[in-house]
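my_file_35.tsv (TSV, C-alpha atoms and all ligand atoms)
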chain	number	residue	atom	x	y	z
J	284	MET	CA	7.92	-58.96	39.96
J	285	GLU	CA	6.40	-60.32	36.76
J	286	ILE	CA	7.73	-59.20	33.37
J	287	LYS	CA	5.46	-59.81	30.44
J	288	ILE	CA	4.63	-58.90	26.88
J	289	ILE	CA	1.27	-57.09	26.91
J	290	GLY	CA	0.93	-56.29	23.20
J	291	THR	CA	2.50	-56.93	19.79
J	292	GLY	CA	2.37	-55.28	16.37
J	293	SER	CA	4.01	-55.50	12.98
J	294	PHE	CA	4.20	-53.81	9.61
J	295	VAL	CA	5.49	-54.87	6.19
J	296	PRO	CA	5.41	-52.78	3.01
J	297	GLU	CA	2.61	-53.44	0.49
J	298	HIS	CA	4.95	-54.09	-2.43
J	299	ALA	CA	5.56	-57.83	-2.90
J	300	VAL	CA	8.54	-58.92	-5.03
J	301	THR	CA	8.37	-62.54	-6.19
J	302	ASN	CA	11.25	-64.83	-7.07
J	303	ASP	CA	10.25	-64.50	-10.71
J	304	ASP	CA	10.50	-60.71	-10.40
J	305	LEU	CA	14.09	-61.15	-9.21
J	306	ALA	CA	14.86	-63.63	-11.99
J	307	ALA	CA	14.14	-60.76	-14.37
J	308	ILE	CA	17.01	-58.69	-12.93
J	309	VAL	CA	19.65	-61.26	-11.86
J	310	ASP	CA	20.62	-64.74	-13.05
J	311	THR	CA	18.47	-66.79	-10.67
J	312	SER	CA	15.23	-68.79	-10.65
J	313	ASP	CA	12.19	-69.39	-8.48
J	314	GLU	CA	13.25	-73.03	-8.19
J	315	TRP	CA	16.79	-72.16	-6.91
J	316	ILE	CA	15.54	-69.66	-4.36
J	317	ARG	CA	12.69	-71.84	-3.07
J	318	THR	CA	14.72	-75.00	-2.69
J	319	ARG	CA	17.79	-73.32	-1.13
J	320	THR	CA	15.96	-70.93	1.19
J	321	GLY	CA	12.18	-71.53	1.35
J	322	ILE	CA	11.48	-67.96	0.19
J	323	ARG	CA	8.74	-67.31	-2.38
J	324	GLU	CA	8.42	-63.55	-2.09
J	325	ARG	CA	9.47	-60.62	0.06
J	326	ARG	CA	8.05	-57.16	0.77
J	327	ILE	CA	10.19	-54.29	-0.43
J	328	SER	CA	9.91	-50.66	0.64
J	329	GLU	CA	8.74	-48.20	-1.96
J	330	GLY	CA	9.73	-45.27	0.19
J	331	GLU	CA	8.81	-46.35	3.72
J	332	GLY	CA	12.01	-45.99	5.71
J	333	THR	CA	12.96	-47.97	8.80
J	334	SER	CA	11.44	-45.38	11.16
J	335	ARG	CA	8.10	-45.26	9.31
J	336	MET	CA	7.80	-49.07	9.40
J	337	ALA	CA	8.89	-49.16	13.04
J	338	ALA	CA	6.34	-46.48	13.99
J	339	GLU	CA	3.50	-48.38	12.29
J	340	ALA	CA	4.45	-51.58	14.12
J	341	ALA	CA	4.68	-49.57	17.35
J	342	LYS	CA	1.19	-48.07	16.94
J	343	ARG	CA	-0.26	-51.54	16.37
J	344	ALA	CA	1.55	-52.92	19.44
J	345	LEU	CA	0.25	-50.09	21.63
J	346	GLU	CA	-3.27	-50.66	20.35
J	347	ASN	CA	-2.95	-54.39	21.01
J	348	ALA	CA	-1.69	-53.66	24.52
J	349	GLY	CA	-4.48	-51.15	25.10
J	350	ILE	CA	-2.13	-48.49	26.43
J	351	LYS	CA	-1.28	-44.92	25.46
J	352	ALA	CA	2.12	-43.86	24.08
J	353	GLU	CA	2.53	-41.53	27.08
J	354	GLU	CA	2.77	-44.61	29.31
J	355	LEU	CA	6.03	-45.72	27.69
J	356	ASP	CA	9.16	-45.17	29.76
J	357	MET	CA	11.53	-46.30	27.05
J	358	ILE	CA	11.72	-47.17	23.35
J	359	LEU	CA	14.44	-49.56	22.18
J	360	LEU	CA	14.81	-50.08	18.45
J	361	GLY	CA	16.99	-52.93	17.20
J	362	THR	CA	18.08	-52.01	13.69
J	363	SER	CA	21.15	-51.99	11.47
J	364	THR	CA	19.51	-49.83	8.81
J	365	PRO	CA	18.50	-46.57	10.53
J	366	ASP	CA	17.35	-43.90	8.08
J	367	CYS	CA	20.10	-41.56	9.25
J	368	CYS	CA	22.96	-41.45	11.76
J	369	PHE	CA	20.89	-39.23	14.02
J	370	PRO	CA	18.31	-38.65	15.23
J	371	SER	CA	18.05	-42.35	16.04
J	372	GLY	CA	15.19	-44.37	14.62
J	373	ALA	CA	13.86	-44.80	18.15
J	374	CYS	CA	13.65	-41.00	18.56
J	375	GLU	CA	11.82	-40.74	15.24
J	376	VAL	CA	9.34	-43.38	16.42
J	377	GLN	CA	8.95	-41.47	19.68
J	378	ALA	CA	8.08	-38.29	17.77
J	379	GLU	CA	5.64	-40.11	15.48
J	380	ILE	CA	3.69	-41.87	18.22
J	381	GLY	CA	3.91	-39.11	20.84
J	382	ALA	CA	5.73	-41.10	23.53
J	383	VAL	CA	6.74	-37.92	25.32
J	384	ASN	CA	7.83	-39.63	28.54
J	385	ALA	CA	10.14	-42.20	26.96
J	386	ALA	CA	13.92	-42.34	26.69
J	387	ALA	CA	14.61	-43.65	23.17
J	388	TYR	CA	17.63	-45.14	21.47
J	389	ASP	CA	18.71	-47.62	18.82
J	390	LEU	CA	20.65	-50.79	19.38
J	391	SER	CA	22.70	-52.45	16.64
J	392	ALA	CA	23.04	-56.24	16.58
J	393	ALA	CA	21.97	-56.96	12.97
J	394	CYS	CA	19.53	-59.88	12.82
J	395	SER	CA	19.81	-60.44	16.58
J	396	GLY	CA	18.62	-56.85	17.12
J	397	PHE	CA	15.15	-57.60	18.49
J	398	ILE	CA	16.42	-60.28	20.87
J	399	PHE	CA	19.18	-57.96	22.14
J	400	ALA	CA	16.66	-55.13	22.58
J	401	LEU	CA	14.16	-57.40	24.37
J	402	ASN	CA	16.84	-58.70	26.71
J	403	THR	CA	18.02	-55.14	27.39
J	404	ALA	CA	14.44	-54.09	28.15
J	405	TYR	CA	14.12	-57.04	30.52
J	406	SER	CA	17.24	-55.92	32.38
J	407	PHE	CA	15.86	-52.41	32.92
J	408	LEU	CA	12.50	-53.80	34.05
J	409	ALA	CA	14.00	-56.46	36.33
J	410	ALA	CA	16.18	-53.78	37.94
J	411	GLY	CA	13.03	-51.83	38.74
J	412	LEU	CA	14.19	-48.76	36.78
J	413	TYR	CA	11.25	-48.66	34.36
J	414	ARG	CA	7.75	-50.10	34.13
J	415	THR	CA	6.83	-50.14	30.43
J	416	ILE	CA	9.17	-50.49	27.45
J	417	LEU	CA	8.43	-50.62	23.74
J	418	VAL	CA	10.82	-53.01	21.98
J	419	ILE	CA	11.05	-52.87	18.20
J	420	GLY	CA	12.99	-54.80	15.56
J	421	ALA	CA	12.95	-53.06	12.18
J	422	ASP	CA	15.11	-53.18	9.08
J	423	CYS	CA	15.00	-51.90	5.55
J	424	LEU	CA	17.63	-54.17	4.06
J	425	SER	CA	16.63	-53.25	0.52
J	426	LYS	CA	18.65	-50.05	1.10
J	427	ILE	CA	21.93	-51.91	1.63
J	428	VAL	CA	21.50	-54.92	-0.65
J	429	ASP	CA	23.38	-54.99	-3.94
J	430	TRP	CA	20.54	-55.66	-6.36
J	431	SER	CA	23.02	-57.01	-8.93
J	432	ASP	CA	24.42	-59.68	-6.54
J	433	ARG	CA	22.27	-62.82	-6.81
J	434	SER	CA	23.98	-64.48	-3.85
J	435	THR	CA	22.53	-61.94	-1.40
J	436	CYS	CA	19.70	-59.96	-2.99
J	437	VAL	CA	17.30	-62.91	-3.17
J	438	LEU	CA	17.43	-63.47	0.59
J	439	PHE	CA	16.20	-60.26	2.17
J	440	GLY	CA	13.08	-58.17	2.71
J	441	ASP	CA	11.88	-55.14	4.68
J	442	GLY	CA	9.65	-55.01	7.76
J	443	ALA	CA	9.15	-54.14	11.42
J	444	GLY	CA	7.77	-55.83	14.51
J	445	ALA	CA	7.20	-54.55	18.04
J	446	ALA	CA	6.27	-55.70	21.53
J	447	VAL	CA	5.24	-53.76	24.64
J	448	VAL	CA	6.91	-55.23	27.71
J	449	ARG	CA	5.74	-54.39	31.21
J	450	ALA	CA	6.82	-55.15	34.79
J	451	GLU	CA	3.95	-55.80	37.19
J	452	GLU	CA	3.44	-57.07	40.68
J	453	GLY	CA	3.22	-60.87	40.76
J	454	ASP	CA	5.39	-63.94	40.54
J	455	GLY	CA	3.93	-65.84	37.60
J	456	GLY	CA	5.99	-66.56	34.55
J	457	ARG	CA	9.58	-67.09	33.66
J	458	PHE	CA	12.03	-64.86	31.83
J	459	HIS	CA	15.54	-66.09	31.03
J	460	MET	CA	17.95	-64.79	28.46
J	461	LEU	CA	21.41	-65.06	27.01
J	462	MET	CA	23.42	-63.17	24.43
J	463	GLY	CA	26.84	-63.50	22.84
J	464	SER	CA	29.08	-62.00	20.20
J	465	ASP	CA	32.18	-62.92	18.22
J	466	GLY	CA	33.68	-59.77	16.75
J	467	GLN	CA	36.59	-61.77	15.30
J	468	ARG	CA	34.18	-63.26	12.78
J	469	GLY	CA	32.58	-59.93	11.86
J	470	PRO	CA	33.73	-59.93	8.22
J	471	VAL	CA	31.59	-63.04	7.54
J	472	LEU	CA	28.57	-60.75	7.33
J	473	ALA	CA	29.21	-57.06	6.89
J	474	CYS	CA	28.06	-53.77	5.47
J	475	THR	CA	30.46	-50.83	5.29
J	476	SER	CA	27.97	-48.24	4.08
J	477	ARG	CA	28.77	-46.03	7.08
J	478	THR	CA	32.37	-45.53	5.85
J	479	VAL	CA	32.85	-41.78	6.16
J	480	GLY	CA	35.09	-39.09	4.72
J	481	ASN	CA	38.46	-38.43	6.32
J	482	PHE	CA	39.61	-35.00	7.52
J	483	ARG	CA	43.29	-35.46	6.64
J	484	THR	CA	43.07	-37.33	3.36
J	485	GLY	CA	39.91	-35.67	2.13
J	486	THR	CA	38.40	-39.09	1.33
J	487	LYS	CA	34.79	-38.77	0.30
J	488	PRO	CA	32.06	-40.77	2.05
J	489	GLN	CA	31.66	-44.13	0.37
J	490	LEU	CA	28.67	-46.32	-0.13
J	491	GLY	CA	29.03	-50.03	0.53
J	492	TYR	CA	26.66	-52.92	0.10
J	493	MET	CA	26.10	-55.88	2.36
J	494	THR	CA	28.54	-58.74	1.86
J	495	MET	CA	28.13	-62.26	3.17
J	496	ASP	CA	29.90	-65.59	3.24
J	497	GLY	CA	26.67	-67.59	3.04
J	498	GLN	CA	28.14	-70.98	3.86
J	499	GLU	CA	30.00	-69.67	6.92
J	500	VAL	CA	26.82	-68.01	8.20
J	501	PHE	CA	24.92	-71.26	7.58
J	502	LYS	CA	27.47	-73.33	9.55
J	503	PHE	CA	27.57	-70.77	12.37
J	504	ALA	CA	23.77	-70.68	12.67
J	505	VAL	CA	23.14	-74.42	12.70
J	506	LYS	CA	25.78	-74.91	15.43
J	507	LYS	CA	25.20	-71.85	17.61
J	508	VAL	CA	21.40	-71.68	17.73
J	509	PRO	CA	20.84	-75.22	19.08
J	510	GLU	CA	23.60	-74.58	21.64
J	511	ILE	CA	22.00	-71.41	22.99
J	512	ILE	CA	18.53	-72.94	23.03
J	513	GLU	CA	19.85	-75.86	25.07
J	514	GLN	CA	21.70	-73.47	27.36
J	515	VAL	CA	18.78	-71.12	28.00
J	516	THR	CA	16.36	-73.98	28.74
J	517	GLU	CA	18.90	-75.62	31.03
J	518	GLU	CA	19.47	-72.35	32.90
J	519	ALA	CA	15.70	-71.93	33.26
J	520	GLY	CA	15.43	-75.45	34.64
J	521	VAL	CA	13.03	-76.65	31.94
J	522	SER	CA	13.32	-79.29	29.22
J	523	LEU	CA	12.94	-78.76	25.48
J	524	GLU	CA	9.66	-80.67	25.78
J	525	ASP	CA	8.29	-77.97	28.08
J	526	VAL	CA	8.68	-75.35	25.32
J	527	ARG	CA	5.55	-74.87	23.21
J	528	TRP	CA	7.05	-72.71	20.44
J	529	PHE	CA	10.57	-71.97	19.22
J	530	ILE	CA	10.31	-68.66	17.38
J	531	LEU	CA	13.54	-68.44	15.41
J	532	HIS	CA	15.15	-65.81	13.21
J	533	GLN	CA	13.90	-66.43	9.67
J	534	ALA	CA	17.11	-66.60	7.62
J	535	ASN	CA	16.68	-69.81	5.67
J	536	TYR	CA	14.17	-72.68	5.90
J	537	ARG	CA	17.02	-75.19	5.79
J	538	ILE	CA	18.74	-73.52	8.76
J	539	SER	CA	15.56	-73.92	10.85
J	540	GLU	CA	15.20	-77.55	9.73
J	541	SER	CA	18.79	-78.27	10.76
J	542	ILE	CA	18.21	-76.65	14.15
J	543	ALA	CA	15.06	-78.76	14.60
J	544	LYS	CA	17.00	-81.89	13.74
J	545	ARG	CA	19.84	-81.14	16.12
J	546	LEU	CA	17.41	-80.40	18.94
J	547	LYS	CA	15.23	-83.40	18.00
J	548	VAL	CA	12.23	-81.07	17.97
J	549	SER	CA	9.45	-81.33	15.38
J	550	MET	CA	9.09	-78.51	12.82
J	551	ASP	CA	5.47	-78.29	14.08
J	552	ARG	CA	6.86	-76.32	17.02
J	553	ILE	CA	9.10	-74.10	14.86
J	554	PRO	CA	6.73	-71.75	13.02
J	555	MET	CA	7.99	-70.21	9.75
J	556	ASN	CA	6.91	-67.26	7.62
J	557	ILE	CA	10.09	-66.81	5.56
J	558	GLU	CA	8.10	-67.93	2.51
J	559	SER	CA	6.23	-64.59	2.46
J	560	TYR	CA	8.77	-62.08	3.79
J	561	GLY	CA	12.30	-63.42	3.28
J	562	ASN	CA	14.89	-62.44	5.88
J	563	THR	CA	13.85	-59.08	7.36
J	564	SER	CA	16.80	-59.07	9.79
J	565	ALA	CA	15.84	-57.65	13.21
J	566	ALA	CA	12.15	-57.77	12.24
J	567	THR	CA	11.76	-61.51	11.61
J	568	VAL	CA	11.17	-62.61	15.21
J	569	PRO	CA	8.71	-59.86	16.28
J	570	VAL	CA	6.78	-60.07	12.99
J	571	LEU	CA	6.34	-63.81	13.49
J	572	LEU	CA	5.47	-63.34	17.16
J	573	ASP	CA	2.81	-60.78	16.23
J	574	GLU	CA	1.34	-63.03	13.53
J	575	MET	CA	1.05	-65.89	15.98
J	576	ASN	CA	-0.47	-63.63	18.63
J	577	ARG	CA	-3.10	-62.30	16.22
J	578	GLN	CA	-3.85	-65.78	14.89
J	579	GLY	CA	-4.58	-66.89	18.47
J	580	LYS	CA	-1.83	-69.52	18.39
J	581	LEU	CA	-0.21	-68.32	21.61
J	582	LYS	CA	-2.03	-69.47	24.74
J	583	LYS	CA	-1.62	-68.02	28.21
J	584	GLY	CA	0.99	-70.10	30.03
J	585	ASP	CA	2.80	-71.29	26.87
J	586	LEU	CA	6.57	-71.36	27.27
J	587	LEU	CA	8.28	-69.66	24.31
J	588	VAL	CA	11.90	-69.53	23.21
J	589	LEU	CA	12.90	-66.75	20.82
J	590	ALA	CA	16.33	-67.10	19.23
J	591	GLY	CA	18.31	-65.09	16.72
J	592	PHE	CA	21.72	-64.80	15.11
J	593	GLY	CA	23.31	-62.38	12.74
J	594	GLY	CA	26.01	-59.90	11.83
J	595	GLY	CA	28.59	-59.06	14.47
J	596	LEU	CA	28.61	-61.98	14.75
J	597	THR	CA	25.87	-61.92	17.37
J	598	TRP	CA	23.42	-64.41	18.84
J	599	GLY	CA	20.80	-64.41	21.55
J	600	ALA	CA	17.87	-66.29	23.06
J	601	THR	CA	14.98	-65.40	25.33
J	602	LEU	CA	12.80	-67.88	27.18
J	603	PHE	CA	9.57	-66.60	28.73
J	604	THR	CA	6.00	-67.47	29.61
J	605	TRP	CA	3.33	-66.01	27.33
J	606	GLN	CA	0.93	-64.15	29.61
J	607	MET	CA	-1.58	-62.60	27.22
J	608	GLY	CA	-5.02	-64.09	26.51
S	701	LIG	N1	20.47	-68.11	-7.97
S	701	LIG	C1	21.11	-69.08	-8.65
S	701	LIG	N2	22.33	-69.52	-8.32
S	701	LIG	C2	22.92	-68.96	-7.26
S	701	LIG	C3	22.31	-67.94	-6.49
S	701	LIG	C4	21.04	-67.52	-6.90
S	701	LIG	N3	20.35	-66.56	-6.24
S	701	LIG	N4	23.15	-67.58	-5.49
S	701	LIG	C5	24.24	-68.34	-5.61
S	701	LIG	N5	24.11	-69.17	-6.68
S	701	LIG	C6	25.05	-70.17	-7.17
S	701	LIG	C7	26.46	-69.91	-6.73
S	701	LIG	O1	27.08	-69.00	-7.62
S	701	LIG	C8	27.05	-71.30	-6.81
S	701	LIG	O2	27.34	-71.56	-8.16
S	701	LIG	P1	28.67	-72.39	-8.56
S	701	LIG	O3	28.47	-73.75	-7.92
S	701	LIG	O4	28.61	-72.39	-10.03
S	701	LIG	O5	29.80	-71.63	-7.96
S	701	LIG	C9	25.90	-72.21	-6.43
S	701	LIG	O6	24.71	-71.43	-6.61
S	701	LIG	C10	25.93	-72.70	-5.01
S	701	LIG	O7	26.20	-71.61	-4.16
S	701	LIG	P2	26.33	-71.81	-2.62
S	701	LIG	O8	26.70	-70.49	-1.99
S	701	LIG	O9	27.17	-73.00	-2.34
S	701	LIG	O10	24.84	-72.18	-2.23
S	701	LIG	P3	24.29	-72.66	-0.86
S	701	LIG	O11	23.63	-73.97	-1.00
S	701	LIG	O12	25.30	-72.50	0.24
S	701	LIG	O13	23.14	-71.61	-0.56
S	701	LIG	C11	22.70	-69.63	0.70
S	701	LIG	C12	23.46	-70.23	-0.47
S	701	LIG	C13	21.22	-69.75	0.46
S	701	LIG	C14	23.08	-68.17	0.83
S	701	LIG	C15	23.06	-70.41	1.99
S	701	LIG	O14	24.45	-70.51	2.12
S	701	LIG	C16	22.53	-69.72	3.21
S	701	LIG	O15	21.34	-69.64	3.42
S	701	LIG	N6	23.41	-69.23	4.09
S	701	LIG	C17	22.96	-68.49	5.26
S	701	LIG	C18	22.70	-67.10	4.83
S	701	LIG	C19	22.05	-66.33	5.89
S	701	LIG	O16	21.36	-66.86	6.73
S	701	LIG	N7	22.28	-65.04	5.85
S	701	LIG	C20	21.76	-64.09	6.70
S	701	LIG	C21	21.90	-64.44	8.15
S	701	LIG	S1	22.29	-63.17	9.20
S	701	LIG	C22	21.36	-62.02	8.76
S	701	LIG	O17	20.22	-62.32	8.77
S	701	LIG	C23	21.83	-60.66	8.28

Taking this structure as input, can you express it in the form of structure tokens?
Amino acid sequence: MEIKIIGTGSFVPEHAVTNDDLAAIVDTSDEWIRTRTGIRERRISEGEGTSRMAAEAAKRALENAGIKAEELDMILLGTSTPDCCFPSGACEVQAEIGAVNAAAYDLSAACSGFIFALNTAYSFLAAGLYRTILVIGADCLSKIVDWSDRSTCVLFGDGAGAAVVRAEEGDGGRFHMLMGSDGQRGPVLACTSRTVGNFRTGTKPQLGYMTMDGQEVFKFAVKKVPEIIEQVTEEAGVSLEDVRWFILHQANYRISESIAKRLKVSMDRIPMNIESYGNTSAATVPVLLDEMNRQGKLKKGDLLVLAGFGGGLTWGATLFTWQMG
């Protein structure tokens, strides 16, 4: 059995918001944002919700894979900003693309959402239960960001990325994964906007913005991500040198640099696009993967490691052989 990505797609809103645009609404500057994070601008939804962005990315992934929506057995959407409690974003994508034969559901692991969804898809495929799964990472963080809080609002953007994963006869290619969570440290990165009314007390539903202890997240990321990359390569029986690309969650340029340093891997093998999109949460990894695919940077046989971390706290990595091309 060979499990491989057969198509990728992505979508970001048209509307670009520069650092200078943000400096007009909060006390910040282009210089502060660029030097602390590497971000120059981000795309912000002007009405496109998570499902709309996810569906666009899905259509592009299906087109890239050259398959019809009816061939999908399952749609997994990693998101922490669904447009509503239900129907799930995955079901809305299903309706939009006409994937009538798919089971569809959302999966919540914040910025690790795509990695968790991809690893879940792999498990279904490896078990022989399904043949073709659409995996999406999409978030519309602009809905839950406090636009008066300079310590968070400058970091995030909106977007969606998708990959079609298929199980086929054959024995080429590797696929290894790992995931972890630490619920004890959940408050480090949280959003309570789902707080609901209470039957007995009559409490009204409350809105809540995202809150973050930036330095704790930074420390967590630069320790945990190198650890899981080392672990997943070790478990796969390969060395870091065998890996062509490390496609990491785009949270902060300095976080990726620190990871590179700890792993003693050159930044040439850690592609970045945070400059243009900011941190789009579950979308960062599949958007970057799709960009690299379309730019022809991924060659058949390349060994890739995808790795993410985020709210939960959660973290995950996937090592696999790129089979397209
Ligand atoms: N503009 C100007 N000044 C600012 C801004 C801003 N946008 N934000 C904070 N500051 C100020 C602070 O108030 C503080 O001022 P003070 O010294 O007078 O108190 C000063 O800058 C330094 O603040 P720090 O928080 O120490 O800055 P730091 O160097 O740690 O950078 C940052 C902050 C960029 C958030 C960093 O900690 C980081 O990247 N952490 C990881 C965040 C992250 O990855 N989050 C998401 C991951 S998970 C997910 O994706 C959902």

Among the residues J:Ala445, J:Met550, J:Ile512, J:Cys474, the one that comes closest to ligand LIG 701 (chain S) [using only C-alpha atoms and all ligand atoms]: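 Ranked by minimum distance to ligand LIG 701 (chain S), first place goes to J:Cys474.
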
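Take the candidates J:Lys507, J:Arg552, J:Arg325, J:Lys342 and check each one against Ala446 (chain J) using all atoms listed in the file; the shortest distance goes to J:Lys342.
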
I'd like the neighbourhood of Phe501 (chain J) as a VMD selection string, where a residue qualifies if any of its atoms comes within 12 Å (using only C-alpha atoms), though same-chain residues fewer than 4 positions away should be ignored. chain J and resid 319 to 320 471 to 472 495 to 497 505 to 508 534 to 542 592 to 593

I want to know what sits within 10 Å of Asp551 (chain J), based on only C-alpha atoms, with residues of the same chain fewer than 6 positions away left out; could you give that as a VMD selection string? chain J and resid 527 to 529 543

Between J:Leu490, J:Val448, J:Leu572, J:Ile557, which one has atoms that come closest to ligand LIG 701 (chain S), using all atoms listed in the file?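 Closest to ligand LIG 701 (chain S) of all the choices is J:Ile557.
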
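The spacing separating CA of Arg545 (chain J) from CA of Glu517 (chain J) amounts to 15.9 Å.
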
Please measure the separation of CA of Glu379 (chain J) and CA of Met336 (chain J), giving the value in Å to one decimal.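 For CA of Glu379 (chain J) relative to CA of Met336 (chain J), the distance reads 11.0 Å.
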
For Ala387 (chain J), list every protein, DNA or RNA residue within 12 Å, evaluated using all atoms listed in the file, and leave out those in the same chain fewer than 3 positions away; present the list as a list in words.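 Counting only the stated atoms, we get Leu355, Asp356, Met357, Ile358, Leu359, Leu360, Gly361, Phe369, Pro370, Ser371, Gly372, Ala373, Cys374, Glu375, Val376, Gln377, Ala378, Gly381, Ala382, Val383, Asn384, Leu390, Ala400, Ala404, Ile416, Leu417, Val418 and Ile419 of chain J.
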
Export, as a PDB file, keeping the file's coordinate frame, the selected residues with C-alpha atoms.
ATOM      1  CA  LEU J 355       6.030 -45.720  27.690  1.00  0.00           C
ATOM      2  CA  ASP J 356       9.160 -45.170  29.760  1.00  0.00           C
ATOM      3  CA  MET J 357      11.530 -46.300  27.050  1.00  0.00           C
ATOM      4  CA  ILE J 358      11.720 -47.170  23.350  1.00  0.00           C
ATOM      5  CA  LEU J 359      14.440 -49.560  22.180  1.00  0.00           C
ATOM      6  CA  LEU J 360      14.810 -50.080  18.450  1.00  0.00           C
ATOM      7  CA  GLY J 361      16.990 -52.930  17.200  1.00  0.00           C
ATOM      8  CA  PHE J 369      20.890 -39.230  14.020  1.00  0.00           C
ATOM      9  CA  PRO J 370      18.310 -38.650  15.230  1.00  0.00           C
ATOM     10  CA  SER J 371      18.050 -42.350  16.040  1.00  0.00           C
ATOM     11  CA  GLY J 372      15.190 -44.370  14.620  1.00  0.00           C
ATOM     12  CA  ALA J 373      13.860 -44.800  18.150  1.00  0.00           C
ATOM     13  CA  CYS J 374      13.650 -41.000  18.560  1.00  0.00           C
ATOM     14  CA  GLU J 375      11.820 -40.740  15.240  1.00  0.00           C
ATOM     15  CA  VAL J 376       9.340 -43.380  16.420  1.00  0.00           C
ATOM     16  CA  GLN J 377       8.950 -41.470  19.680  1.00  0.00           C
ATOM     17  CA  ALA J 378       8.080 -38.290  17.770  1.00  0.00           C
ATOM     18  CA  GLY J 381       3.910 -39.110  20.840  1.00  0.00           C
ATOM     19  CA  ALA J 382       5.730 -41.100  23.530  1.00  0.00           C
ATOM     20  CA  VAL J 383       6.740 -37.920  25.320  1.00  0.00           C
ATOM     21  CA  ASN J 384       7.830 -39.630  28.540  1.00  0.00           C
ATOM     22  CA  LEU J 390      20.650 -50.790  19.380  1.00  0.00           C
ATOM     23  CA  ALA J 400      16.660 -55.130  22.580  1.00  0.00           C
ATOM     24  CA  ALA J 404      14.440 -54.090  28.150  1.00  0.00           C
ATOM     25  CA  ILE J 416       9.170 -50.490  27.450  1.00  0.00           C
ATOM     26  CA  LEU J 417       8.430 -50.620  23.740  1.00  0.00           C
ATOM     27  CA  VAL J 418      10.820 -53.010  21.980  1.00  0.00           C
ATOM     28  CA  ILE J 419      11.050 -52.870  18.200  1.00  0.00           C
TER      29      ILE J 419
END

Using all atoms listed in the file, which of the listed residues (J:Leu531, J:Val447, J:Ala519, J:Val588) sits closest to ligand LIG 701 (chain S)?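 Of J:Leu531, J:Val447, J:Ala519, J:Val588, the one nearest ligand LIG 701 (chain S), counting all atoms listed in the file, is J:Leu531.
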
Can you pull out every residue within 6 Å of region 291-307 of chain J, counting only C-alpha atoms, but drop anything in the same chain fewer than 2 positions away, and send it as a PyMOL selection string? chain J and resi 309-313+323-328+336+340+343-344+442-446+570+573

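Across J:Gly520, J:Gly330, J:Gly584, J:Gly321, the tightest approach to ligand LIG 701 (chain S) is made by J:Gly321 when counting only C-alpha atoms and all ligand atoms.
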
In Å, how far is it from CA of Tyr413 (chain J) to CA of Leu461 (chain J)? 20.6 Å

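Closest approach to Lys583 (chain J) among J:Arg433, J:Met493, J:Arg483, J:Gly456 is made by J:Gly456 (distances from all atoms listed in the file).
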
Draw an axis-aligned box tight on the listed atoms of ligand LIG 701 (chain S), then pad every side by 6 Å and write out centre and edge lengths in Å to one decimal as AutoDock Vina command-line options.
--center_x 25.0 --center_y -67.3 --center_z -0.4 --size_x 21.6 --size_y 25.3 --size_z 31.2
